[in-house]
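Novice: Contents of data.cif (mmCIF, C-alpha atoms and all ligand atoms) are given next:
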data_input
loop_
_atom_site.label_atom_id
_atom_site.label_comp_id
_atom_site.auth_asym_id
_atom_site.auth_seq_id
_atom_site.Cartn_x
_atom_site.Cartn_y
_atom_site.Cartn_z
CA MET C 209 0.00 0.00 0.00
CA SER C 210 1.16 3.55 -0.75
CA LYS C 211 2.68 5.50 2.10
CA ARG C 212 0.67 8.58 3.08
CA ILE C 213 3.12 11.39 3.74
CA VAL C 214 2.37 14.91 4.90
CA PHE C 215 4.96 17.67 4.66
CA VAL C 216 4.55 20.52 7.16
CA HIS C 217 6.26 23.67 5.89
CA GLY C 218 7.77 25.77 8.66
CA GLY C 219 9.93 28.03 6.50
CA PRO C 220 8.58 31.59 6.17
CA ARG C 221 10.40 32.20 2.87
CA LYS C 222 8.19 30.77 0.10
CA HIS C 223 11.15 30.80 -2.28
CA GLY C 224 13.75 29.86 0.30
CA ASN C 225 16.15 26.95 0.32
CA THR C 226 14.16 24.85 2.78
CA ARG C 227 11.09 24.84 0.56
CA ALA C 228 13.26 24.21 -2.50
CA VAL C 229 14.89 21.06 -1.09
CA THR C 230 11.56 19.94 0.39
CA ALA C 231 9.96 20.22 -3.05
CA LEU C 232 12.56 17.78 -4.39
CA THR C 233 11.87 15.34 -1.56
CA MET C 234 8.11 15.55 -2.15
CA GLN C 235 8.52 14.99 -5.87
CA ALA C 236 10.75 11.94 -5.32
CA ALA C 237 8.32 10.50 -2.77
CA ARG C 238 5.45 10.93 -5.24
CA GLN C 239 7.47 9.28 -8.00
CA ALA C 240 8.17 6.38 -5.64
CA GLY C 241 4.42 5.87 -5.24
CA ALA C 242 3.61 7.77 -2.04
CA ASP C 243 0.46 9.84 -1.52
CA VAL C 244 1.85 13.26 -0.65
CA ALA C 245 0.02 16.10 1.11
CA GLU C 246 1.19 19.47 2.40
CA ILE C 247 0.37 21.78 5.29
CA ASP C 248 1.74 25.30 5.25
CA ALA C 249 2.26 26.08 8.94
CA ILE C 250 3.08 29.69 8.10
CA GLY C 251 -0.38 30.78 7.01
CA LEU C 252 -2.59 28.94 9.49
CA ASP C 253 -5.19 30.96 11.35
CA PHE C 254 -5.19 30.71 15.14
CA LYS C 255 -7.14 32.12 18.10
CA VAL C 256 -4.09 31.94 20.33
CA PRO C 257 -0.50 31.18 19.30
CA GLY C 258 0.68 27.68 20.18
CA CYS C 259 -0.48 25.69 23.21
CA ILE C 260 -1.85 27.52 26.26
CA GLY C 261 -1.55 24.52 28.58
CA CYS C 262 -5.30 24.29 29.30
CA HIS C 263 -5.05 20.46 29.22
CA LYS C 264 -8.61 20.20 27.89
CA CYS C 265 -7.28 17.85 25.20
CA GLN C 266 -6.27 15.47 28.01
CA GLN C 267 -9.79 15.31 29.44
CA THR C 268 -11.60 13.93 26.38
CA GLU C 269 -11.22 10.93 24.11
CA VAL C 270 -10.87 13.24 21.10
CA PHE C 271 -7.38 13.66 19.67
CA GLU C 272 -7.81 17.32 18.74
CA CYS C 273 -6.83 20.58 20.39
CA ALA C 274 -9.85 22.12 22.20
CA ILE C 275 -9.07 25.65 20.99
CA GLY C 276 -10.89 24.71 17.79
CA ASP C 277 -9.11 27.02 15.33
CA GLU C 278 -7.56 26.21 11.95
CA LEU C 279 -4.25 25.35 13.63
CA ALA C 280 -6.07 22.79 15.82
CA ARG C 281 -7.90 21.25 12.86
CA LYS C 282 -4.74 20.91 10.74
CA VAL C 283 -2.75 19.32 13.57
CA ALA C 284 -5.56 16.78 14.09
CA THR C 285 -5.21 15.63 10.46
CA LEU C 286 -1.74 14.21 11.20
CA ALA C 287 -3.51 11.09 12.44
CA GLU C 288 -4.34 10.25 8.79
CA TYR C 289 -0.72 9.84 7.66
CA ASP C 290 2.04 7.23 7.95
CA VAL C 291 4.82 9.82 7.80
CA VAL C 292 4.88 13.40 9.12
CA VAL C 293 7.73 15.54 7.79
CA LEU C 294 8.58 18.82 9.50
CA ALA C 295 10.55 21.13 7.20
CA THR C 296 12.27 24.17 8.66
CA PRO C 297 15.22 26.50 8.43
CA LEU C 298 17.30 26.69 11.61
CA TYR C 299 16.33 29.80 13.60
CA TRP C 300 18.37 30.44 16.71
CA TRP C 301 19.46 26.78 16.91
CA SER C 302 15.87 25.60 16.73
CA TYR C 303 12.87 25.41 14.41
CA THR C 304 10.86 28.47 13.44
CA ALA C 305 8.34 30.02 15.82
CA GLN C 306 5.53 29.21 13.38
CA LEU C 307 6.45 25.53 13.38
CA LYS C 308 6.83 25.58 17.16
CA MET C 309 3.18 26.70 17.42
CA PHE C 310 2.21 23.71 15.30
CA VAL C 311 4.39 21.21 17.17
CA ASP C 312 3.19 22.40 20.59
CA ARG C 313 -0.41 21.76 19.53
CA MET C 314 0.64 18.14 18.76
CA TYR C 315 0.30 17.64 22.52
CA SER C 316 -3.39 17.10 21.70
CA LEU C 317 -2.49 13.98 19.70
CA CYS C 318 -1.37 12.26 22.90
CA LYS C 319 -3.07 11.33 26.18
CA PHE C 320 -0.56 11.36 29.01
CA SER C 321 -1.36 9.46 32.21
CA GLU C 322 0.29 7.43 34.98
CA ASP C 323 -0.36 4.35 32.83
CA GLY C 324 1.69 5.75 29.96
CA ILE C 325 1.04 7.55 26.71
CA ARG C 326 -1.81 6.83 24.29
CA THR C 327 -1.32 8.53 20.97
CA VAL C 328 -2.52 8.53 17.38
CA MET C 329 1.13 9.11 16.41
CA GLY C 330 2.30 5.64 17.46
CA GLY C 331 3.90 3.59 14.69
CA LYS C 332 4.33 6.56 12.36
CA THR C 333 7.59 8.05 11.14
CA LEU C 334 8.35 11.60 12.18
CA ALA C 335 10.91 13.19 9.90
CA LEU C 336 12.89 16.42 9.74
CA ILE C 337 14.19 18.38 6.77
CA ALA C 338 16.31 21.33 7.86
CA THR C 339 18.68 23.88 6.40
CA ALA C 340 21.08 26.12 8.34
CA GLY C 341 23.41 28.98 7.55
CA GLY C 342 26.25 27.42 9.52
CA PRO C 343 29.14 27.17 10.12
CA MET C 344 28.71 26.51 13.85
CA LYS C 345 29.58 22.94 14.74
CA ASP C 346 26.64 20.63 15.46
CA ASN C 347 24.00 23.35 14.89
CA LEU C 348 21.56 21.02 13.15
CA GLU C 349 22.34 18.15 15.53
CA VAL C 350 20.87 20.24 18.34
CA LEU C 351 17.64 20.68 16.36
CA GLU C 352 17.64 17.04 15.36
CA SER C 353 17.76 15.82 18.96
CA GLN C 354 15.00 18.29 19.92
CA LEU C 355 12.72 16.35 17.60
CA ARG C 356 14.18 12.85 17.77
CA ASN C 357 13.74 12.53 21.53
CA PRO C 358 10.01 13.37 21.68
CA SER C 359 9.39 11.29 18.53
CA LEU C 360 10.80 8.20 20.15
CA MET C 361 8.91 8.96 23.37
CA ILE C 362 5.56 8.87 21.53
CA GLY C 363 6.38 5.70 19.61
CA CYS C 364 7.42 7.16 16.27
CA SER C 365 10.50 6.21 14.32
CA PHE C 366 12.63 9.20 13.36
CA ALA C 367 14.46 10.17 10.17
CA SER C 368 16.22 13.34 9.08
CA CYS C 369 17.77 15.05 6.09
CA LEU C 370 19.99 17.96 7.08
CA PHE C 371 21.66 20.71 5.05
CA PRO C 372 24.11 22.62 7.28
CA ASP C 373 26.34 25.37 5.92
CA THR C 374 23.80 26.67 3.42
CA THR C 375 25.46 29.72 1.87
CA ALA C 376 23.40 29.70 -1.35
CA GLU C 377 21.02 32.56 -2.11
CA ALA C 378 17.31 31.86 -1.54
CA GLY C 379 16.19 28.90 -3.63
CA GLU C 380 19.63 28.30 -5.15
CA LEU C 381 20.72 25.47 -2.86
CA VAL C 382 19.13 23.04 -5.32
CA ASN C 383 21.60 24.08 -8.03
CA ASP C 384 24.04 21.74 -6.29
CA SER C 385 23.69 18.21 -7.70
CA SER C 386 24.74 16.57 -4.41
CA VAL C 387 21.92 18.44 -2.64
CA VAL C 388 19.43 17.29 -5.26
CA GLU C 389 20.60 13.70 -4.90
CA LYS C 390 20.35 13.82 -1.10
CA ALA C 391 16.87 15.42 -1.07
CA GLN C 392 15.51 12.96 -3.63
CA ALA C 393 17.03 9.94 -1.88
CA PHE C 394 15.26 11.04 1.31
CA GLY C 395 11.96 11.19 -0.56
CA ARG C 396 12.43 7.63 -1.80
CA GLN C 397 13.40 6.52 1.72
CA LEU C 398 10.23 8.03 3.22
CA ALA C 399 8.07 6.43 0.53
CA SER C 400 9.52 2.93 0.99
C1 LIG R 1 15.89 34.59 12.41
C2 LIG R 1 16.97 33.73 11.86
C3 LIG R 1 17.72 32.94 12.71
C4 LIG R 1 18.72 32.09 12.22
N1 LIG R 1 19.42 31.32 13.09
C5 LIG R 1 20.40 30.50 12.62
C6 LIG R 1 21.15 29.68 13.52
O1 LIG R 1 20.95 29.68 14.73
N2 LIG R 1 22.11 28.89 12.99
C7 LIG R 1 22.36 28.84 11.64
O2 LIG R 1 23.24 28.10 11.21
N3 LIG R 1 21.64 29.59 10.77
C8 LIG R 1 20.68 30.41 11.23
N4 LIG R 1 19.94 31.18 10.34
C9 LIG R 1 20.17 30.99 8.89
C10 LIG R 1 19.11 30.08 8.25
O3 LIG R 1 18.90 28.89 9.01
C11 LIG R 1 19.56 29.62 6.87
O4 LIG R 1 19.91 30.73 6.09
C12 LIG R 1 18.48 28.80 6.18
O5 LIG R 1 19.07 28.02 5.16
C13 LIG R 1 17.39 29.68 5.58
O6 LIG R 1 16.42 28.85 4.97
P1 LIG R 1 15.35 29.46 3.94
O7 LIG R 1 16.12 29.84 2.70
O8 LIG R 1 14.40 28.35 3.71
O9 LIG R 1 14.72 30.63 4.60
C14 LIG R 1 18.97 32.04 10.82
C15 LIG R 1 18.22 32.85 9.95
C16 LIG R 1 17.24 33.70 10.46
C17 LIG R 1 16.43 34.57 9.50
#
As a first step, turn the structure in this file into structure tokens.

Specialist:
Amino acid sequence: MSKRIVFVHGGPRKHGNTRAVTALTMQAARQAGADVAEIDAIGLDFKVPGCIGCHKCQQTEVFECAIGDELARKVATLAEYDVVVLATPLYWWSYTAQLKMFVDRMYSLCKFSEDGIRTVMGGKTLALIATAGGPMKDNLEVLESQLRNPSLMIGCSFASCLFPDTTAEAGELVNDSSVVEKAQAFGRQLAS
């Protein structure tokens, strides 16, 4: 059966390098037979930014944020996919604020209790595509572990495709054939 993959765009620059490499990964995944969908985390409407810690999502059997805005509804759709890919440039050694709002709302996809964690994310792959301006050592490794650790905690496998030391102008990173090869190989990996 085809893999259902959703790419969540966290890069504010529509013509930036993160979206350019992510487009190559999406195209390769499609060519490898995956059903590919996209969520643009930058333009989502919200009543309040991110999670407000009300814990209402923990008091129902529904796996959806109780705030009930577009951000909540989009996050709830992650349950439909086999693979969730977060794509972001590195901002201050982390992911963008817009993507952070999205990821924090993913709390609603889990029920935390003394008995453990019940989640609609279990068994999925959570993946990261990231670009960084470098050249600080390990800058993307810090981001990678920020996402790998919670992924494993909620029963997801984790995969990443990282582009440190991106000095290319916006959108021009994909003029490098080794970048193209790496982005496409990741798409095939996610689809397999
Ligand atoms: C607000 C901001 C913060 C950034 N912080 C970092 C950083 O901590 N480390 C780094 O290597 N690059 C940093 N960068 C550079 C971007 O991660 C890098 O240029 C990235 O490839 C841009 O992706 P884009 O073309 O998709 O926007 C930052 C850029 C901005 C605008």

Novice: Within 9 Å of ligand LIG 1 (chain R), counting only C-alpha atoms and all ligand atoms, which protein or nucleic acid residues do you find, written as a ChimeraX atom specification?

Specialist: /C:218-229,295-304,338-345,347-348,371-381

Novice: Please provide as a VMD selection string all residues within 10 Å of range 386-393 of chain C, with the sequence filter that same-chain residues fewer than 6 positions apart are discarded (counting all atoms listed in the file).

Specialist: chain C and resid 228 to 237 239 337 369 to 371 399

Novice: My list of candidates is C:Asp253, C:Asp243, C:Glu269, C:Glu352. Which is closest to Ser400 in chain C when distances are computed with only C-alpha atoms?

Specialist: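 Checking each candidate against Ser400 in chain C, we get C:Asp243 as the closest.
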
Novice: With distances taken over all atoms listed in the file, which residue among C:Arg238, C:Lys211, C:Arg313, C:Lys332 lies nearest Phe254 in chain C?

Specialist: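 Under the stated criterion, the closest residue is C:Arg313.
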
Novice: Quick one, how far is CA of Cys265 in chain C from CA of Ser316 in chain C?

Specialist: 5.3 Å

Novice: As an exercise, work out the distance from CA of Thr333 in chain C to CA of Cys364 in chain C in Å and give it to one decimal place.

Specialist: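 Result for CA of Thr333 in chain C versus CA of Cys364 in chain C: 5.2 Å, one decimal.
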
Novice: Taking all atoms listed in the file into account, which of C:Ser210, C:Ser368, C:Thr268, C:Ser321 comes nearest Gly241 in chain C?

Specialist: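 Of C:Ser210, C:Ser368, C:Thr268, C:Ser321, the one nearest Gly241 in chain C is C:Ser210, counting all atoms listed in the file.
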
Novice: Using only C-alpha atoms, which residues sit within 8 Å of Glu272 in chain C once same-chain residues fewer than 3 positions away are excluded, as a list of chain:residue names?

Specialist: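 Surrounding residues, per the criterion: C:Cys265, C:Ala280, C:Arg281, C:Val283, C:Ala284, C:Ser316, C:Leu317.
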
Novice: Report, in Å with one decimal, the straight-line distance from CA of Phe215 in chain C to CA of Gly261 in chain C.

Specialist: 25.7 Å

Novice: Pick the closest to Ile250 in chain C from C:Ala305, C:Leu351, C:Met361, C:Ile213: which is it, counting only C-alpha atoms?

Specialist: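 Result for the nearest residue to Ile250 in chain C: C:Ala305.
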
Novice: Might you pull out every residue within 9 Å of Leu286 in chain C, with only C-alpha atoms counted and same-chain residues fewer than 6 positions away left off, and present them as a ChimeraX atom specification?

Specialist: /C:214,292,314,317,328-329

Novice: I'd like the neighbourhood of Phe366 in chain C as a ChimeraX atom specification, where a residue qualifies if any of its atoms comes within 6 Å (using all atoms listed in the file), though same-chain residues fewer than 2 positions away should be ignored.

Specialist: /C:333-335,356

Novice: Can you work out which one of C:Val350, C:Cys318, C:Val256, C:Leu398 has the shortest atom-to-atom distance to Ile362 in chain C, counting only C-alpha atoms?

Specialist: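 That would be C:Cys318, the residue with the smallest distance to Ile362 in chain C.
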
Novice: What residues have an atom no more than 6 Å from (1.5, 6.2, 6.9) in the file's own frame, counting all atoms listed in the file, and can you write them as an MDAnalysis selection string?

Specialist: chainID C and resid 211:212 289:291

Novice: Counting all atoms listed in the file, which of C:Leu307, C:Gln267, C:Ala240, C:Cys273 gets nearest to Leu252 in chain C?

Specialist: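 Among the listed residues, the smallest separation from Leu252 in chain C belongs to C:Leu307.
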